[in-house]
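Next comes entry-v2.txt, with compact mmCIF, C-alpha atoms.
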# COMPACT_ATOMS: atom_id res chain seq x y z
CA MET A 1 22.57 -8.80 42.87
CA ALA A 2 24.73 -11.83 42.15
CA ILE A 3 27.72 -12.74 44.28
CA GLN A 4 31.14 -11.98 42.81
CA HIS A 5 32.53 -14.96 40.95
CA LEU A 6 36.03 -14.36 39.59
CA SER A 7 36.71 -17.84 38.24
CA SER A 8 37.27 -18.13 34.52
CA ALA A 9 33.98 -18.67 32.71
CA LEU A 10 33.39 -20.54 29.52
CA HIS A 11 33.24 -18.43 26.43
CA ALA A 12 29.77 -18.39 24.93
CA PRO A 13 29.59 -19.71 21.38
CA ALA A 14 29.31 -17.25 18.54
CA VAL A 15 25.82 -16.46 17.33
CA SER A 16 24.98 -18.57 14.32
CA PRO A 17 23.76 -16.70 11.24
CA ALA A 18 20.85 -19.13 11.16
CA TYR A 19 19.74 -18.29 14.71
CA PRO A 20 15.94 -18.07 14.58
CA MET A 21 14.34 -14.67 14.83
CA ALA A 22 11.06 -14.16 16.63
CA LYS A 23 7.91 -13.08 14.87
CA PRO A 24 7.69 -9.35 14.13
CA GLY A 25 7.06 -7.53 17.41
CA TYR A 26 8.45 -10.28 19.65
CA GLY A 27 11.91 -11.26 20.86
CA LYS A 28 14.85 -9.36 22.32
CA ARG A 29 14.81 -5.59 22.79
CA SER A 30 17.93 -3.70 23.87
CA ALA A 31 17.52 -1.10 26.60
CA PRO A 32 19.09 2.34 26.01
CA GLY A 33 22.15 3.82 27.68
CA GLN A 34 24.25 0.66 27.95
CA GLN A 35 27.99 0.76 28.49
CA VAL A 36 30.42 -0.23 25.77
CA ARG A 37 30.94 -3.99 25.48
CA THR A 38 34.19 -5.17 27.18
CA ARG A 39 35.82 -8.48 28.09
CA ASP A 40 34.94 -7.95 31.76
CA ASP A 41 31.19 -7.85 31.21
CA PHE A 42 29.23 -10.08 33.60
CA ALA A 43 32.40 -10.77 35.63
CA LEU A 44 30.37 -10.79 38.87
CA LEU A 45 28.07 -13.56 37.67
CA PRO A 46 28.53 -17.31 38.21
CA THR A 47 29.90 -19.38 35.36
CA ARG A 48 26.58 -20.55 33.93
CA GLU A 49 24.92 -17.14 34.11
CA ARG A 50 27.97 -15.47 32.61
CA TYR A 51 27.94 -18.01 29.77
CA VAL A 52 24.26 -17.41 29.00
CA ALA A 53 24.53 -13.64 29.40
CA GLY A 54 27.45 -13.44 26.98
CA PHE A 55 25.46 -15.28 24.34
CA VAL A 56 22.26 -13.26 24.83
CA ASP A 57 24.19 -9.99 24.74
CA HIS A 58 25.42 -10.73 21.21
CA LEU A 59 21.96 -11.63 19.89
CA PRO A 60 20.43 -9.01 17.58
CA ASP A 61 17.21 -7.26 18.46
CA GLY A 62 14.24 -9.37 17.50
CA ALA A 63 16.02 -12.67 18.14
CA SER A 64 14.01 -15.43 19.75
CA MET A 65 14.44 -15.50 23.54
CA SER A 66 12.52 -18.66 24.29
CA VAL A 67 14.17 -21.16 26.62
CA LYS A 68 13.82 -23.88 23.99
CA GLN A 69 15.73 -21.94 21.33
CA LEU A 70 18.45 -20.85 23.74
CA ALA A 71 18.95 -24.43 24.90
CA LYS A 72 19.40 -25.57 21.28
CA GLN A 73 22.21 -23.05 20.78
CA LEU A 74 23.82 -23.65 24.19
CA PRO A 75 24.27 -27.43 24.34
CA LEU A 76 26.13 -27.33 27.69
CA TYR A 77 22.88 -26.66 29.55
CA GLY A 78 19.34 -27.95 29.25
CA GLN A 79 16.11 -26.01 29.25
CA GLN A 80 15.72 -26.10 33.03
CA ALA A 81 19.24 -24.73 33.53
CA ILE A 82 18.66 -21.99 30.95
CA SER A 83 15.41 -21.02 32.68
CA THR A 84 17.18 -20.80 36.03
CA ALA A 85 19.97 -18.73 34.47
CA LEU A 86 17.49 -16.27 32.98
CA LYS A 87 15.85 -15.89 36.37
CA ALA A 88 19.24 -15.13 37.92
CA LEU A 89 19.96 -12.58 35.18
CA SER A 90 16.63 -10.92 35.93
CA VAL A 91 17.52 -10.66 39.62
CA ALA A 92 20.95 -9.31 38.65
CA GLY A 93 19.25 -6.50 36.73
CA HIS A 94 20.05 -7.50 33.16
CA LEU A 95 16.62 -8.38 31.75
CA ARG A 96 12.88 -8.01 32.14
CA ARG A 97 10.16 -9.98 30.39
CA VAL A 98 7.32 -7.66 29.36
CA ARG A 99 3.87 -8.09 27.84
CA CYS A 100 2.93 -5.20 25.57
CA ALA A 101 -0.44 -4.42 24.00
CA VAL A 102 -0.02 -3.32 20.39
CA GLY A 103 -2.67 -2.28 17.92
CA ALA A 104 -6.06 -0.78 18.62
CA GLY A 105 -9.67 -1.90 18.79
CA ASP A 106 -10.34 -5.41 17.56
CA GLU A 107 -6.79 -5.67 16.21
CA CYS A 108 -5.18 -5.23 19.64
CA ARG A 109 -2.96 -8.14 20.67
CA TRP A 110 -0.44 -8.92 23.40
CA VAL A 111 3.17 -9.56 22.50
CA LEU A 112 5.98 -10.85 24.71
CA ARG A 113 9.35 -9.11 24.65
CA THR A 114 12.54 -9.49 26.65
CA PHE A 115 14.23 -6.18 27.40
CA TRP A 116 17.97 -6.69 27.78
CA SER A 117 20.63 -4.47 29.35
CA ARG A 118 24.31 -5.33 29.34
CA THR A 119 24.69 -2.84 32.19
CA ALA A 120 23.01 -4.13 35.34
CA ARG A 121 20.09 -1.93 36.41
CA ASP A 122 18.28 -1.70 39.73
CA ASN A 123 14.52 -1.96 40.19
CA GLU A 124 14.04 1.82 40.26
CA TRP A 125 15.69 2.20 36.87
CA TRP A 126 13.63 -0.58 35.29
CA ASN A 127 10.38 0.76 36.76
CA ALA A 128 11.10 4.26 35.48
CA TYR A 129 12.13 3.01 32.05
CA LEU A 130 9.11 0.78 31.55
CA ALA A 131 6.80 3.59 32.68
CA THR A 132 8.13 6.19 30.24
CA GLU A 133 6.90 7.02 26.79
CA THR A 134 10.24 5.83 25.46
CA ALA A 135 9.44 2.30 26.59
CA SER A 136 5.98 2.51 25.01
CA ARG A 137 7.42 3.61 21.69
CA THR A 138 10.07 0.93 21.87
CA ALA A 139 7.32 -1.62 22.44
CA ALA A 140 5.60 -0.54 19.23
CA PRO A 141 6.46 -2.80 16.30
CA ALA A 142 9.05 -1.17 14.07
CA PRO A 143 8.21 -0.84 10.38
CA ASP A 144 9.81 -3.29 8.03
CA THR A 145 12.54 -1.19 6.43
CA ALA A 146 14.99 -3.98 5.61
CA PRO A 147 16.47 -3.82 2.11
CA PRO A 148 15.39 -6.48 -0.40
CA PRO A 149 17.54 -9.62 -0.74
CA PRO A 150 20.35 -9.41 -3.27
CA TRP A 151 18.69 -11.93 -5.55
CA VAL A 152 15.65 -9.70 -6.02
CA PRO A 153 16.17 -7.62 -9.19
CA ALA A 154 16.00 -3.90 -8.85
CA GLU A 155 12.86 -2.27 -10.08
CA GLU A 156 13.23 -1.08 -13.66
CA PRO A 157 11.51 2.07 -14.88
CA PRO A 158 8.30 1.34 -16.77
CA PRO A 159 8.56 1.47 -20.56
CA ALA A 160 7.77 4.77 -22.12
CA GLY A 161 4.20 4.85 -23.30
CA PRO A 162 1.99 7.45 -24.86
CA ASP A 163 0.96 8.62 -21.37
CA SER A 164 4.45 8.96 -19.93
CA PRO A 165 5.73 12.54 -19.28
CA ALA A 166 8.57 12.22 -21.80
CA VAL A 167 6.24 11.19 -24.60
CA ALA A 168 3.51 13.56 -23.54
CA GLU A 169 5.88 16.44 -24.11
CA GLN A 170 6.49 15.29 -27.69
CA VAL A 171 2.96 14.37 -28.72
CA PRO A 172 1.07 17.48 -29.71
CA GLY A 173 -2.15 17.95 -27.85
CA PRO A 174 -5.50 18.98 -29.30
CA THR A 175 -5.75 22.45 -30.75
CA PRO A 176 -7.13 24.79 -28.09
CA VAL A 177 -10.57 26.18 -28.81
CA PRO A 178 -10.71 29.97 -28.57
CA PRO A 179 -13.01 31.28 -25.87
CA GLN A 180 -16.53 32.05 -27.05
CA ARG A 181 -17.98 35.45 -26.47
CA THR A 182 -21.17 35.66 -24.46
CA PRO A 183 -23.85 37.45 -26.39
CA PRO A 184 -24.95 40.64 -24.68
CA GLN A 185 -28.28 40.54 -22.92
CA ALA A 186 -31.05 42.89 -23.72
CA PRO A 187 -31.46 45.80 -21.32
CA ASP A 188 -34.92 44.63 -20.29
CA ALA A 189 -33.91 41.00 -19.68
CA GLU A 190 -33.97 39.83 -16.06
CA PRO A 191 -30.67 38.59 -14.63
CA THR A 192 -30.40 34.82 -14.47
CA GLN A 193 -30.38 33.40 -10.92
CA THR A 194 -27.14 31.52 -10.46
CA THR A 195 -27.43 30.44 -6.82
CA ALA A 196 -30.04 28.04 -5.43
CA PRO A 197 -32.02 29.15 -2.40
CA SER A 198 -30.72 27.98 0.96
CA PRO A 199 -32.52 25.35 3.08
CA ALA A 200 -33.46 28.07 5.57
CA TYR A 201 -35.04 30.20 2.84
CA LEU A 202 -37.00 27.22 1.46
CA ALA A 203 -38.24 26.28 4.94
CA LEU A 204 -39.60 29.79 5.46
CA ALA A 205 -41.15 29.88 2.01
CA ARG A 206 -43.03 26.62 2.60
CA LEU A 207 -44.63 27.87 5.83
CA GLY A 208 -47.34 29.79 3.93
CA ARG A 209 -48.23 26.72 1.89
CA ASP A 210 -48.59 24.60 5.02
CA ASP A 211 -50.55 27.25 6.93
CA HIS A 212 -52.09 30.31 5.25
CA ARG A 213 -51.62 32.34 8.45
CA LEU A 214 -47.82 32.29 7.88
CA ARG A 215 -47.71 33.57 4.29
CA LEU A 216 -44.44 35.44 3.70
CA SER A 217 -43.23 37.53 0.81
CA ALA A 218 -39.90 37.02 -0.89
CA ASP A 219 -38.50 40.03 0.99
CA ASP A 220 -39.76 38.58 4.30
CA CYS A 221 -38.02 35.25 3.59
CA THR A 222 -34.78 37.04 2.73
CA THR A 223 -34.97 39.12 5.93
CA LEU A 224 -35.70 36.11 8.20
CA GLU A 225 -33.28 33.76 6.43
CA PRO A 226 -30.23 34.55 8.69
CA LEU A 227 -32.30 33.82 11.83
CA ALA A 228 -33.54 30.51 10.45
CA ALA A 229 -30.00 29.59 9.34
CA GLN A 230 -28.86 29.85 12.99
CA TRP A 231 -31.27 27.03 13.84
CA LEU A 232 -29.87 24.78 11.13
CA ASP A 233 -26.31 25.62 12.17
CA ARG A 234 -27.10 24.22 15.62
CA GLY A 235 -27.93 20.81 14.23
CA VAL A 236 -31.74 20.89 13.93
CA THR A 237 -33.55 19.76 10.79
CA THR A 238 -35.87 21.82 8.63
CA ASP A 239 -38.82 19.70 9.84
CA TYR A 240 -37.97 20.56 13.43
CA LEU A 241 -37.68 24.24 12.49
CA THR A 242 -41.04 24.45 10.69
CA SER A 243 -42.94 22.38 13.26
CA THR A 244 -41.68 24.63 16.07
CA LEU A 245 -42.64 27.80 14.20
CA LYS A 246 -46.15 26.49 13.42
CA ALA A 247 -46.92 25.13 16.91
CA GLY A 248 -49.55 26.96 18.96
CA LEU A 249 -50.45 29.68 16.46
CA PRO A 250 -53.19 32.13 17.38
CA ILE A 251 -56.47 32.08 15.43
CA GLN A 252 -55.56 35.22 13.52
CA VAL A 253 -52.05 36.40 12.68
CA ASP A 254 -51.83 40.04 11.66
CA SER A 255 -48.08 40.14 10.97
CA PRO A 256 -46.63 36.73 9.96
CA ALA A 257 -43.12 38.17 9.53
CA GLY A 258 -43.17 39.81 12.98
CA LEU A 259 -44.52 36.68 14.68
CA LEU A 260 -41.94 34.42 13.04
CA ARG A 261 -39.10 36.83 13.81
CA ARG A 262 -40.07 36.80 17.48
CA ARG A 263 -40.28 33.00 17.55
CA LEU A 264 -36.98 32.53 15.71
CA ILE A 265 -35.26 34.63 18.36
CA ASP A 266 -37.06 33.41 21.50
CA LYS A 267 -37.13 29.69 20.67
CA LEU A 268 -33.56 29.39 19.35
CA PRO A 269 -32.34 25.90 20.43
CA PRO A 270 -29.13 25.52 22.46
CA ARG A 271 -25.83 24.75 20.77
CA LEU A 272 -24.69 21.19 21.41
CA PRO A 273 -20.99 20.25 21.54
CA ASP A 274 -19.52 18.76 18.42
CA THR A 275 -18.97 15.07 19.13
CA THR A 276 -16.56 14.76 16.20
CA SER A 277 -14.21 17.44 17.51
CA THR A 278 -14.49 16.09 21.05
CA ALA A 279 -13.44 12.61 19.92
CA ALA A 280 -10.64 14.05 17.80
CA ASN A 281 -9.27 16.10 20.72
CA ALA A 282 -9.53 13.24 23.20
CA PRO A 283 -6.17 12.02 24.44
CA ALA A 284 -4.89 8.90 22.78
CA PRO A 285 -5.13 5.79 24.97
CA THR A 286 -1.88 4.88 26.64
CA ARG A 287 -0.27 1.61 25.75
CA ARG A 288 -0.69 -1.12 28.28
CA LEU A 289 2.49 -2.72 29.52
CA LEU A 290 2.85 -5.52 32.07
CA VAL A 291 6.00 -7.13 33.39
CA GLU A 292 5.96 -10.92 33.36
CA CYS A 293 7.58 -12.95 36.10
CA THR A 294 10.77 -14.45 34.67
CA ASP A 295 10.18 -17.66 36.64
CA CYS A 296 6.47 -18.49 36.50
CA GLY A 297 5.19 -16.03 33.87
CA ARG A 298 2.66 -14.28 36.11
CA PRO A 299 2.01 -10.72 34.77
CA GLY A 300 1.81 -7.58 36.88
CA GLN A 301 2.80 -3.94 37.16
CA PRO A 302 6.56 -3.24 37.22
CA GLU A 303 6.42 -2.08 40.85
CA ALA A 304 4.76 -5.35 41.90
CA LEU A 305 7.54 -7.53 40.45
CA PRO A 306 10.87 -6.54 42.03
CA ASP A 307 13.85 -8.13 40.26
CA GLY A 308 11.39 -9.26 37.58
CA LEU A 309 9.85 -11.87 39.91
CA CYS A 310 6.40 -12.09 41.43
CA ARG A 311 6.11 -12.17 45.20
CA PRO A 312 5.99 -15.99 45.66
CA CYS A 313 8.90 -16.55 43.26
CA HIS A 314 10.89 -13.72 44.79
CA THR A 315 10.35 -15.17 48.27
CA ALA A 316 11.40 -18.61 47.07
CA HIS A 317 14.50 -17.19 45.36
CA SER A 318 15.51 -15.28 48.48
CA ALA A 319 14.97 -18.33 50.70
CA GLY A 320 16.48 -20.76 48.19
CA GLY A 321 13.45 -23.06 48.31
CA GLN A 322 10.17 -23.64 46.52
CA PRO A 323 7.65 -20.80 46.25
CA SER A 324 5.10 -20.69 49.03
CA PRO A 325 1.54 -21.37 47.84
CA ASP A 326 -0.84 -18.47 47.46
CA PRO A 327 -3.49 -18.48 50.28
CA THR A 328 -6.23 -17.54 47.80
CA GLN A 329 -5.30 -20.48 45.58
CA ILE A 330 -5.36 -22.82 48.58
CA ALA A 331 -8.85 -21.61 49.51
CA ALA A 332 -10.06 -22.05 45.93
CA VAL A 333 -8.73 -25.62 45.80
CA LYS A 334 -10.37 -26.49 49.11
CA ALA A 335 -13.71 -25.09 47.95
CA HIS A 336 -13.45 -27.03 44.70
CA MET A 337 -12.72 -30.29 46.51
CA ALA A 338 -15.60 -29.74 48.93
CA ASN A 339 -17.94 -29.20 45.99
CA LEU A 340 -16.73 -32.44 44.39
CA ARG A 341 -17.33 -34.37 47.60
CA THR A 342 -20.87 -32.97 47.77
CA LEU A 343 -21.60 -34.07 44.22
CA LEU A 344 -20.26 -37.59 44.88
CA LYS A 345 -22.48 -38.14 47.90
CA PRO A 346 -25.34 -40.60 47.30
CA VAL A 347 -28.76 -39.05 47.04
Would you mind giving the structure from this file in structure tokens?
Amino acid sequence: MAIQHLSSALHAPAVSPAYPMAKPGYGKRSAPGQQVRTRDDFALLPTRERYVAGFVDHLPDGASMSVKQLAKQLPLYGQQAISTALKALSVAGHLRRVRCAVGAGDECRWVLRTFWSRTARDNEWWNAYLATETASRTAAPAPDTAPPPPWVPAEEPPPAGPDSPAVAEQVPGPTPVPPQRTPPQAPDAEPTQTTAPSPAYLALARLGRDDHRLRLSADDCTTLEPLAAQWLDRGVTTDYLTSTLKAGLPIQVDSPAGLLRRRLIDKLPPRLPDTTSTAANAPAPTRRLLVECTDCGRPGQPEALPDGLCRPCHTAHSAGGQPSPDPTQIAAVKAHMANLRTLLKPV
């Protein structure tokens, strides 16, 4: 945390109405549970950090948080000083830079947001907040619900036309036709079939045409229809059903209905899980969220960036010097230089 600095700090300039806003989904995001704004906010910070913090605290959500834009609005300090001040505010527990993945599939994209808290928070609070569902929902882009500008005329109701409800009530409709009586059928007339045969019934009926040993009567097809329908309910096709029933027939079949009934029961295929319901019940993928180092921009998990800084930058900030080089980067540079020397050697 920052060292107490009780000297009078400069008052940050008021936020200009023309301050640029970030693109939808980017910019400043206020953390929840902050204390009420008072005149003693940021009293423990040095003058520059208190000046920058006071200005950022009054920015609306969605405002641009780039160093370039802040430096334009705060002419007392340049971009390098603003960057250093933001790093100090991150260490003091007031902000975290976060990369959030929004969208799904091919439309997924990474957006950069700066979470701001007027109340200083420790690392445990930030880690818990960024790991909760509340942080994920806050990272989701909010729908555009802003009212239209005052110069946009209000929508007027469409002119009444012949199809509008008010006119439709006044225009008389066509005269209803009285229902026609159905002429009575003769007593000897056969009832008209109103329902088409099922695919299972048709598959059984075609067996006798494909192979004379499996000729079935209409009553046999009706009796075996529920058993054949179980096959189709388990996802098999009618071709699969008929080919299985016709495979390996004996030379002579005395009872086609009995043979097919036995085969429909014994060779019933297994029930496969419904892939549609499985995909629908699958848990929704969690939103990815990475904290970005306030100093160098290196992303990582919240636990790996204490005070919002990666390990090299955090070590440099604690020691007050430049960040120590990463050993893996040193080895990669050495290998690259050795490869260049090999290529430059004469053949």
Exercise. Which is closer to Ala31 in chain A than all the others in A:Thr244, A:Thr114, A:Ser217, A:Thr315, using only C-alpha atoms?
Worked result: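 Of A:Thr244, A:Thr114, A:Ser217, A:Thr315, the one nearest Ala31 in chain A is A:Thr114, counting only C-alpha atoms.
The space between CA of Gly62 in chain A and CA of Ala22 in chain A spans 5.8 Å.
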Exercise. By how many Å are CA of Ala81 in chain A and CA of Pro306 in chain A apart?
Worked result: 21.8 Å
For this session: Could you check which of A:Asp211, A:Arg261, A:Arg39, A:Ala200 is closest to Leu241 in chain A, using all atoms listed in the file?
Result: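 Smallest separation from Leu241 in chain A among the options: A:Ala200.
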For this session: Rounded to one decimal place, report the CA of Ser255 in chain A-CA of Arg215 in chain A distance in Å.
Result: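 Separation between CA of Ser255 in chain A and CA of Arg215 in chain A: 9.4 Å.
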Problem set entry | Among the residues A:Gln34, A:Ser243, A:Ser90, A:Ser83, the one that comes closest to Asp307 in chain A [using all atoms listed in the file] | A:Ser90
For this session: Identify which of the residues A:Trp110, A:Trp125, A:Tyr240, A:Tyr201 lies closest to Tyr26 in chain A, counting only C-alpha atoms when measuring atom-to-atom distances.
Result: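 Closest to Tyr26 in chain A of all the choices is A:Trp110.
Counting all atoms listed in the file, the residue from A:Arg118, A:Ser64, A:Pro250, A:Arg99 that sits nearest to Thr38 in chain A is A:Arg118.
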Could you add whatever atoms are missing so that range 49-72 of chain A carries N, CA and C atoms, then write the result as a PDB file, in the frame of the given file?
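Once written, out-v8.pdb looks like this:
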ATOM      1  N   GLU A  49      25.602 -18.377  34.437  1.00  0.00           N
ATOM      2  CA  GLU A  49      24.920 -17.140  34.110  1.00  0.00           C
ATOM      3  C   GLU A  49      25.776 -16.247  33.207  1.00  0.00           C
ATOM      4  N   ARG A  50      27.072 -16.259  33.457  1.00  0.00           N
ATOM      5  CA  ARG A  50      27.970 -15.470  32.610  1.00  0.00           C
ATOM      6  C   ARG A  50      28.003 -16.043  31.196  1.00  0.00           C
ATOM      7  N   TYR A  51      27.949 -17.331  31.068  1.00  0.00           N
ATOM      8  CA  TYR A  51      27.940 -18.010  29.770  1.00  0.00           C
ATOM      9  C   TYR A  51      26.678 -17.648  28.990  1.00  0.00           C
ATOM     10  N   VAL A  52      25.529 -17.726  29.660  1.00  0.00           N
ATOM     11  CA  VAL A  52      24.260 -17.410  29.000  1.00  0.00           C
ATOM     12  C   VAL A  52      24.174 -15.923  28.686  1.00  0.00           C
ATOM     13  N   ALA A  53      24.605 -15.074  29.617  1.00  0.00           N
ATOM     14  CA  ALA A  53      24.530 -13.640  29.400  1.00  0.00           C
ATOM     15  C   ALA A  53      25.396 -13.205  28.227  1.00  0.00           C
ATOM     16  N   GLY A  54      26.582 -13.792  28.103  1.00  0.00           N
ATOM     17  CA  GLY A  54      27.450 -13.440  26.980  1.00  0.00           C
ATOM     18  C   GLY A  54      26.829 -13.783  25.649  1.00  0.00           C
ATOM     19  N   PHE A  55      26.102 -14.890  25.601  1.00  0.00           N
ATOM     20  CA  PHE A  55      25.460 -15.280  24.340  1.00  0.00           C
ATOM     21  C   PHE A  55      24.265 -14.373  24.037  1.00  0.00           C
ATOM     22  N   VAL A  56      23.437 -14.097  25.047  1.00  0.00           N
ATOM     23  CA  VAL A  56      22.260 -13.260  24.830  1.00  0.00           C
ATOM     24  C   VAL A  56      22.678 -11.841  24.443  1.00  0.00           C
ATOM     25  N   ASP A  57      23.764 -11.360  25.022  1.00  0.00           N
ATOM     26  CA  ASP A  57      24.190  -9.990  24.740  1.00  0.00           C
ATOM     27  C   ASP A  57      24.556  -9.799  23.277  1.00  0.00           C
ATOM     28  N   HIS A  58      25.027 -10.838  22.612  1.00  0.00           N
ATOM     29  CA  HIS A  58      25.420 -10.730  21.210  1.00  0.00           C
ATOM     30  C   HIS A  58      24.272 -11.025  20.255  1.00  0.00           C
ATOM     31  N   LEU A  59      23.100 -11.392  20.763  1.00  0.00           N
ATOM     32  CA  LEU A  59      21.960 -11.630  19.890  1.00  0.00           C
ATOM     33  C   LEU A  59      21.437 -10.298  19.352  1.00  0.00           C
ATOM     34  N   PRO A  60      21.003 -10.253  18.111  1.00  0.00           N
ATOM     35  CA  PRO A  60      20.430  -9.010  17.580  1.00  0.00           C
ATOM     36  C   PRO A  60      19.026  -8.783  18.119  1.00  0.00           C
ATOM     37  N   ASP A  61      18.578  -7.563  18.045  1.00  0.00           N
ATOM     38  CA  ASP A  61      17.210  -7.260  18.460  1.00  0.00           C
ATOM     39  C   ASP A  61      16.231  -8.017  17.573  1.00  0.00           C
ATOM     40  N   GLY A  62      15.217  -8.560  18.204  1.00  0.00           N
ATOM     41  CA  GLY A  62      14.240  -9.370  17.500  1.00  0.00           C
ATOM     42  C   GLY A  62      14.527 -10.845  17.506  1.00  0.00           C
ATOM     43  N   ALA A  63      15.680 -11.249  18.067  1.00  0.00           N
ATOM     44  CA  ALA A  63      16.020 -12.670  18.140  1.00  0.00           C
ATOM     45  C   ALA A  63      15.108 -13.377  19.132  1.00  0.00           C
ATOM     46  N   SER A  64      14.858 -14.641  18.874  1.00  0.00           N
ATOM     47  CA  SER A  64      14.010 -15.430  19.750  1.00  0.00           C
ATOM     48  C   SER A  64      14.680 -15.594  21.116  1.00  0.00           C
ATOM     49  N   MET A  65      13.917 -15.380  22.180  1.00  0.00           N
ATOM     50  CA  MET A  65      14.440 -15.500  23.540  1.00  0.00           C
ATOM     51  C   MET A  65      13.754 -16.624  24.309  1.00  0.00           C
ATOM     52  N   SER A  66      13.155 -17.557  23.603  1.00  0.00           N
ATOM     53  CA  SER A  66      12.520 -18.660  24.290  1.00  0.00           C
ATOM     54  C   SER A  66      13.580 -19.596  24.877  1.00  0.00           C
ATOM     55  N   VAL A  67      13.242 -20.237  25.963  1.00  0.00           N
ATOM     56  CA  VAL A  67      14.170 -21.160  26.620  1.00  0.00           C
ATOM     57  C   VAL A  67      14.525 -22.300  25.690  1.00  0.00           C
ATOM     58  N   LYS A  68      13.576 -22.763  24.903  1.00  0.00           N
ATOM     59  CA  LYS A  68      13.820 -23.880  23.990  1.00  0.00           C
ATOM     60  C   LYS A  68      14.870 -23.528  22.950  1.00  0.00           C
ATOM     61  N   GLN A  69      14.767 -22.340  22.353  1.00  0.00           N
ATOM     62  CA  GLN A  69      15.730 -21.940  21.330  1.00  0.00           C
ATOM     63  C   GLN A  69      17.111 -21.687  21.930  1.00  0.00           C
ATOM     64  N   LEU A  70      17.159 -21.089  23.114  1.00  0.00           N
ATOM     65  CA  LEU A  70      18.450 -20.850  23.740  1.00  0.00           C
ATOM     66  C   LEU A  70      19.140 -22.166  24.090  1.00  0.00           C
ATOM     67  N   ALA A  71      18.360 -23.132  24.550  1.00  0.00           N
ATOM     68  CA  ALA A  71      18.950 -24.430  24.900  1.00  0.00           C
ATOM     69  C   ALA A  71      19.497 -25.142  23.666  1.00  0.00           C
ATOM     70  N   LYS A  72      18.875 -24.953  22.505  1.00  0.00           N
ATOM     71  CA  LYS A  72      19.400 -25.570  21.280  1.00  0.00           C
ATOM     72  C   LYS A  72      20.755 -24.994  20.907  1.00  0.00           C
TER      73      LYS A  72
END
